[in-house]
Amino acid sequence: MKLKQQLTAEKYIAAGAGKCLFCLSDDIDGGHIEVDGKQTWQEVECQNCGAVWQDIYKLVAVDIIQEPTEK
């Protein structure tokens with residue numbers, strides 16, 4: 001039996017992710033984060049129903065860890 005998608009992308013993002021888009025289980029696992037130029041994504045799999053999707057990320061801030069030293 002195919003499950004109907006319960007969360008829209010907007011609701012999933014607003015909730016901070018963390019739940020399956022289909023069965024709403026919080027038993028989800030994220031794979032490695034992949035980066036290609038300006039695009040970044042992570043494959044996510046629900047351990048409860050087997051659904052698989054990609055979370056797609058965008059840069060929202062920069063945190064300076066160390067400024068350059070003068071030479």
# chains A, B, ... in the order shown; residues from 1 in each chain; ligands from 1
$ select_by_dssp --residues "chain A" --states "alpha helix (DSSP H)" --output "CSV table (one decimal) with N, CA and C atoms, in the first residue's frame"
chain,number,residue,atom,x,y,z
A,9,ALA,N,6.5,20.3,1.6
A,9,ALA,CA,7.9,20.7,1.8
A,9,ALA,C,7.9,21.9,2.7
A,10,GLU,N,6.9,22.8,2.6
A,10,GLU,CA,6.9,24.0,3.4
A,10,GLU,C,6.6,23.7,4.9
A,11,LYS,N,5.7,22.8,5.2
A,11,LYS,CA,5.5,22.3,6.5
A,11,LYS,C,6.6,21.6,7.1
A,12,TYR,N,7.3,20.8,6.3
A,12,TYR,CA,8.5,20.0,6.7
A,12,TYR,C,9.6,21.0,7.1
A,13,ILE,N,9.9,22.0,6.3
A,13,ILE,CA,10.9,22.9,6.6
A,13,ILE,C,10.6,23.8,7.8
A,14,ALA,N,9.3,24.2,7.9
A,14,ALA,CA,8.9,25.1,9.0
A,14,ALA,C,9.0,24.3,10.4
$ select_by_dssp --residues "region 12-58 of chain A" --states "strand (DSSP E)" --output "count of residues only"
23
$ residues_around --residues "Lys4 (chain A)" --least-positions-apart "2" --cutoff "7 Å" --atoms "only C-alpha atoms" --output "ChimeraX atom specification"
/A:2,6,22
$ closest_residue --among "A:Leu3, A:Lys58, A:Thr69, A:Ile64" --to "Gly37 (chain A)" --atoms "only C-alpha atoms"
A:Lys58
